[in-house]
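**Q** Submitted below is the structure of interest, expressed as structure tokens.
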Number of protein chains: 2
Amino acid sequence: MTMTLVHDLKASAARLDRALADYLAETPLSGPGPAPERLVAAMRHGSLNGGKRLRPYLVETSAALFGISPHQATRTGLALEMVHCYSLIHDDLPAMDDDDLRRGQPTVHRAFDEATAILAGDALLTHAFAVLGDPATHPDPSIRIRLVAELAAGSGAGGMAGGQMLDILGESSPLTETEILSMQAMKTGALIRAAVRMGAMLGGASDRDLAALTAYAEAAGRAFQLADDILDVTASAEAMGKATGKDADQGKQTLVGILGLDAARLRLDAMVAEAIAALTPLGPNADRLRAIARYFAARET
Amino acid sequence: MTMTLVHDLKASAARLDRALADYLAETPLSGPGPAPERLVAAMRHGSLNGGKRLRPYLVETSAALFGISPHQATRTGLALEMVHCYSLIHDDLPAMDDDDLRRGQPTVHRAFDEATAILAGDALLTHAFAVLGDPATHPDPSIRIRLVAELAAGSGAGGMAGGQMLDILGESSPLTETEILSMQAMKTGALIRAAVRMGAMLGGASDRDLAALTAYAEAAGRAFQLADDILDVTASAEAMGKATGKDADQGKQTLVGILGLDAARLRLDAMVAEAIAALTPLGPNADRLRAIARYFAARET
């Protein structure tokens with residue numbers, strides 16, 4: 001199963017990379033004027049960098065439950081991935097996490113400069129909504145506008161951007177376990193949740209199925225983040241392509257810090273079990289989503 | 001006429017301020033979690049600051065041509081203004097224009113810190129699309145998604161964000177008159193263009209009317225920017241509530257620098273005339289838009 005999943009994820013990532021490269025090669029990028037070359041180069045640098053494209057894969061896998069082909073789901077995944085990439089570009093800035101490396105390459109503000117990195121992030125965020133606005137994403141405007149609302153809610157002040165704010169605030173005041181979970185549910189969880197839900201929305205999922213998928217996504221998102229925090233402690237910088245051990249260095253608080261490594265691993269298993277259990281109403285059709293939850297916990301980079 | 005316009009603009013700005021304050025008072029701001037107080041405070045600081053709200057007024061005035069009441073157009077103006085405010089917050093950052101004051105108040109990164117200012121801008125941009133996604137903006141999903149596409153095109157790499165990139169690049173290499181006009185058409189013009197067009201879209205304007213309004217908006221946008229560049233040379237910092245004379249100090253290139261003040265004023269009159277002429281197909285109904293173009297050129301702050 002896992003080998004099949006890894007193969008599938010790679011095929012999905014290749015589709016996404018092509019869609020992203022095609023989108024960023026359009027001249028002009030949709031707008032009244034032609035997009036400046038340097039800005040587009042920075043957008044490409046910050047997004048076409050070998051990302052695993054987990055969120056678009058979640059969109060495809062969730063949409064497949066409702067008869068939507070991967071190709072029909074690619075543009076929705078593209079919009080989500082553009083939001084994810086913008087968030088990494090801004091999080092890496094000197095005023096935020098001040099990272100020099102991302103996936104083994106210089107971060108955008110190191111390869112270009114801070115102003116260009118800020119604008120490249122802004123533009124990727126903006127164009128995510130341009131992608132959803134385009135009929136090529138889905139012919140039905142009422143579905144496209146639902147995707148817009150979902151993506152905006154997942155990435156705004158009550159979602160990803162708010163989570164990053166809480167993460168920064170947490171560096172200077174200790175957080176409880178509940179506060180850490182709530183911060184992570186926004187910072188990382190909200191976009192994973194949006195990915196699964198947007199896939200389901202593409203396929204016109206019923207309210208019951210959407211509720212089951214939302215519960216799955218929330219538990220899987222927690223597992224994904226906890227696995228990330230464990231990797232930050234246990235993996236080498238070489239394997240990760242970015243600095244590790246940074247959470248502790250930056251005073252970032254994680255469940256691993258509170259629970260210790262062994263208890264954190266047990267908790268991770270429980271989260272995966274919770275994600276899998278949430279899928280019960282969807283039956284065996286949802287096996288690929290179950291495999292993804294297990295993969296989140298087992299990944300080594 | 002001008003007195004009526006000023007009165008009308010104030011009433012429109014008051015409506016916008018209320019809508020913005022209401023939106024930013026919602027707890028939680030739409031999203032999976034509650035928005036952190038500090039982030040919302042920074043969003044408020046950067047948006048509820050006595051802005052003239054010209055873009056929402058353009059939305060209302062354009063929409064009124066097609067029987068849409070100001071109240072029905074307020075949320076669309078809100079989305080546009082949130083994008084405008086995000087752009088000011090990011091443009092003021094140390095890595096960009098490095099401004100300490102905006103409308104007489106400390107800029108967001110001075111009142112809070114850089115990370116918070118970056119996130120507040122990101123969140124305002126994101127929530128602009130959340131506003132358009134909401135059925136309260138317009139009951140018809142096909143109109144809302146058109147507004148999304150228009151706003152994204154106007155503010156992305158081929159619009160406002162691209163224009164800011166060109167503006168920064170222009171500081172280190174001299175621009176021709178044509179390049180300055182093209183940069184300004186993106187940096188300032190694209191959002192003014194989007195405002196007028198989004199108002200027309202709210203009212204289901206015909207292609208012919210939309211084309212006339214687009215030509216108007218492009219000329220009016222040029223006039224607005226040229227008036228701003230003239231004010232940067234002639235007005236006092238006290239009247240403007242921000243530093244003036246900064247264009248020359250920062251090596252920013254403007255038409256005033258190339259043409260000189262007298263020729264720039266003549267050019268401004270010609271732009272206003274062009275904007276007014278573009279409205280001919282719309283007849284006397286468009287008199288308020290004509291007055292706005294004249295007001296752009298005559299404003300003193």
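Following the order of the structure tokens, first chain is A, next is B, and so on, with residues numbered from 1 inside each chain and ligands from 1 in the order they appear.
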Write down, as a short mmCIF file (atom, residue, chain, number, x, y, z; two decimals) with C-alpha atoms, in the first residue's frame, each residue of chain B that has any atom within 6 Å of an atom of chain A, counting only C-alpha atoms.
**A**
data_model
loop_
_atom_site.label_atom_id
_atom_site.label_comp_id
_atom_site.auth_asym_id
_atom_site.auth_seq_id
_atom_site.Cartn_x
_atom_site.Cartn_y
_atom_site.Cartn_z
CA LEU B 29 -12.95 36.14 11.90
CA SER B 30 -14.19 33.41 9.59
CA GLY B 31 -11.82 30.47 9.87
CA PRO B 32 -11.27 27.25 11.76
CA GLY B 33 -9.94 29.04 14.87
CA PRO B 34 -10.41 32.39 16.58
CA ALA B 35 -8.21 35.10 15.08
CA PRO B 36 -5.47 36.21 17.51
CA ALA B 95 12.39 46.30 3.17
CA MET B 96 10.14 48.35 0.88
CA GLU B 114 7.54 43.71 11.24
CA ALA B 115 6.30 40.14 11.55
CA ALA B 123 -4.62 38.48 6.37
CA THR B 126 -6.91 36.94 2.23
CA ALA B 130 -13.46 35.90 2.00
CA GLY B 133 -16.96 34.68 -1.32
CA PRO B 141 -22.41 33.18 -7.35
CA SER B 142 -21.52 33.89 -10.99
CA ILE B 145 -16.75 34.77 -8.78
CA VAL B 148 -12.94 37.48 -7.36
CA ALA B 149 -11.27 37.10 -10.76
CA ALA B 152 -7.14 39.00 -8.22
CA ALA B 153 -6.12 40.19 -11.70
CA GLY B 154 -5.98 43.81 -10.53
CA GLY B 156 -1.57 40.30 -8.68
CA ALA B 157 1.75 40.09 -10.52
CA GLY B 158 0.27 41.72 -13.65
CA GLY B 159 -1.40 44.39 -11.51
CA GLY B 162 3.80 43.79 -10.18
#
**Q** Could you list, as a list of chain:residue names, every residue within 9 Å of range 62-69 of chain B, counting only C-alpha atoms and ignoring same-chain residues fewer than 5 positions away?
**A**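 My list of contacting residues is B:Tyr57, B:Thr74, B:Ala195, B:Val196, B:Arg197, B:Met198, B:Gly199, B:Ala200, B:Met201, B:Leu202, B:Gly203, B:Gly204, B:Ala205, B:Leu213, B:Leu282, B:Asn285, B:Ala286, B:Arg288, B:Leu289.
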**Q** What is the distance between CA of Gly50 in chain B and CA of Val6 in chain B, in Å to one decimal?
**A**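 Between these atoms lies a distance of 14.7 Å.
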**Q** CA of Arg15 in chain B and CA of Asp92 in chain B, how far apart in Å?
**A**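 Going from CA of Asp92 in chain B over to CA of Arg15 in chain B covers 26.1 Å.
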**Q** What does the distance from CA of Gly104 in chain A to CA of Val256 in chain A come to in Å, to one decimal?
**A** 24.8 Å
**Q** Can you pull out the residues contacting range 220-235 of chain A? Cut-off 10 Å, using only C-alpha atoms, and skip same-chain residues under 5 positions away; I want them as a PyMOL selection string.
**A** chain A and resi 181-182+184-193+214-215+240+242-248+253-257+260-262+264-265+267-276+278+289-290+292-301
**Q** Got time to write the residues from that selection, C-alpha atoms, as a compact mmCIF listing (two decimals), in the first residue's frame?
**A**
# COMPACT_ATOMS: atom_id res chain seq x y z
CA LEU A 181 -2.77 22.15 19.60
CA SER A 182 -4.98 25.11 18.84
CA GLN A 184 -1.09 24.13 15.14
CA ALA A 185 -4.68 23.48 14.10
CA MET A 186 -4.62 26.95 12.58
CA LYS A 187 -1.04 27.20 11.32
CA THR A 188 -0.78 23.82 9.57
CA GLY A 189 -4.13 22.16 10.15
CA ALA A 190 -6.33 24.77 8.50
CA LEU A 191 -4.83 24.33 5.04
CA ILE A 192 -4.87 20.51 5.27
CA ARG A 193 -8.50 20.76 6.35
CA THR A 214 -13.49 17.37 8.01
CA ALA A 215 -13.01 15.24 11.16
CA MET A 240 15.24 17.53 5.55
CA LYS A 242 16.41 22.73 5.89
CA ALA A 243 17.74 23.49 9.35
CA THR A 244 16.53 21.08 12.05
CA GLY A 245 16.51 21.42 15.81
CA LYS A 246 15.31 24.96 15.15
CA ASP A 247 12.14 24.72 17.20
CA ALA A 248 14.09 24.44 20.44
CA GLN A 253 6.97 25.21 21.67
CA THR A 254 5.81 21.85 20.41
CA LEU A 255 4.06 18.82 21.84
CA VAL A 256 7.39 16.98 21.73
CA GLY A 257 8.82 19.52 24.15
CA GLY A 260 8.86 14.03 25.49
CA LEU A 261 9.70 11.94 22.42
CA ASP A 262 8.25 8.58 23.48
CA ALA A 264 4.76 12.10 21.48
CA ARG A 265 5.14 9.00 19.31
CA ARG A 267 0.17 10.39 20.72
CA LEU A 268 0.97 10.40 17.01
CA ASP A 269 -0.33 6.83 16.69
CA ALA A 270 -3.54 7.84 18.46
CA MET A 271 -4.04 10.77 16.08
CA VAL A 272 -3.64 8.52 13.05
CA ALA A 273 -6.16 6.08 14.52
CA GLU A 274 -8.58 8.94 15.09
CA ALA A 275 -8.21 10.14 11.49
CA ILE A 276 -8.83 6.61 10.18
CA ALA A 278 -13.41 9.34 11.21
CA LEU A 289 -7.06 8.69 2.65
CA ARG A 290 -6.38 6.16 5.44
CA ILE A 292 -2.21 9.06 3.66
CA ALA A 293 -2.80 9.46 7.41
CA ARG A 294 -0.44 6.53 8.07
CA TYR A 295 2.08 8.00 5.64
CA PHE A 296 1.99 11.35 7.46
CA ALA A 297 3.09 9.59 10.64
CA ALA A 298 5.71 7.36 8.97
CA ARG A 299 7.45 9.90 6.71
CA GLU A 300 11.15 10.46 7.19
CA THR A 301 11.51 13.86 5.50
**Q** Please return, as a VMD selection string, all residues of range 93-275 of chain A that DSSP assigns to strand (DSSP E or B) on the basis of the backbone.
**A** chain A and resid 101 to 102 105 to 106
**Q** Those residues with C-alpha atoms, as an mmCIF file, in the first residue's frame please?
**A**
data_model
loop_
_atom_site.group_PDB
_atom_site.id
_atom_site.type_symbol
_atom_site.label_atom_id
_atom_site.label_comp_id
_atom_site.auth_asym_id
_atom_site.auth_seq_id
_atom_site.Cartn_x
_atom_site.Cartn_y
_atom_site.Cartn_z
ATOM 1 C CA LEU A 101 17.513 27.388 3.363
ATOM 2 C CA ARG A 102 14.338 25.760 2.142
ATOM 3 C CA GLN A 105 18.025 25.912 -1.760
ATOM 4 C CA PRO A 106 18.431 29.523 -0.626
#
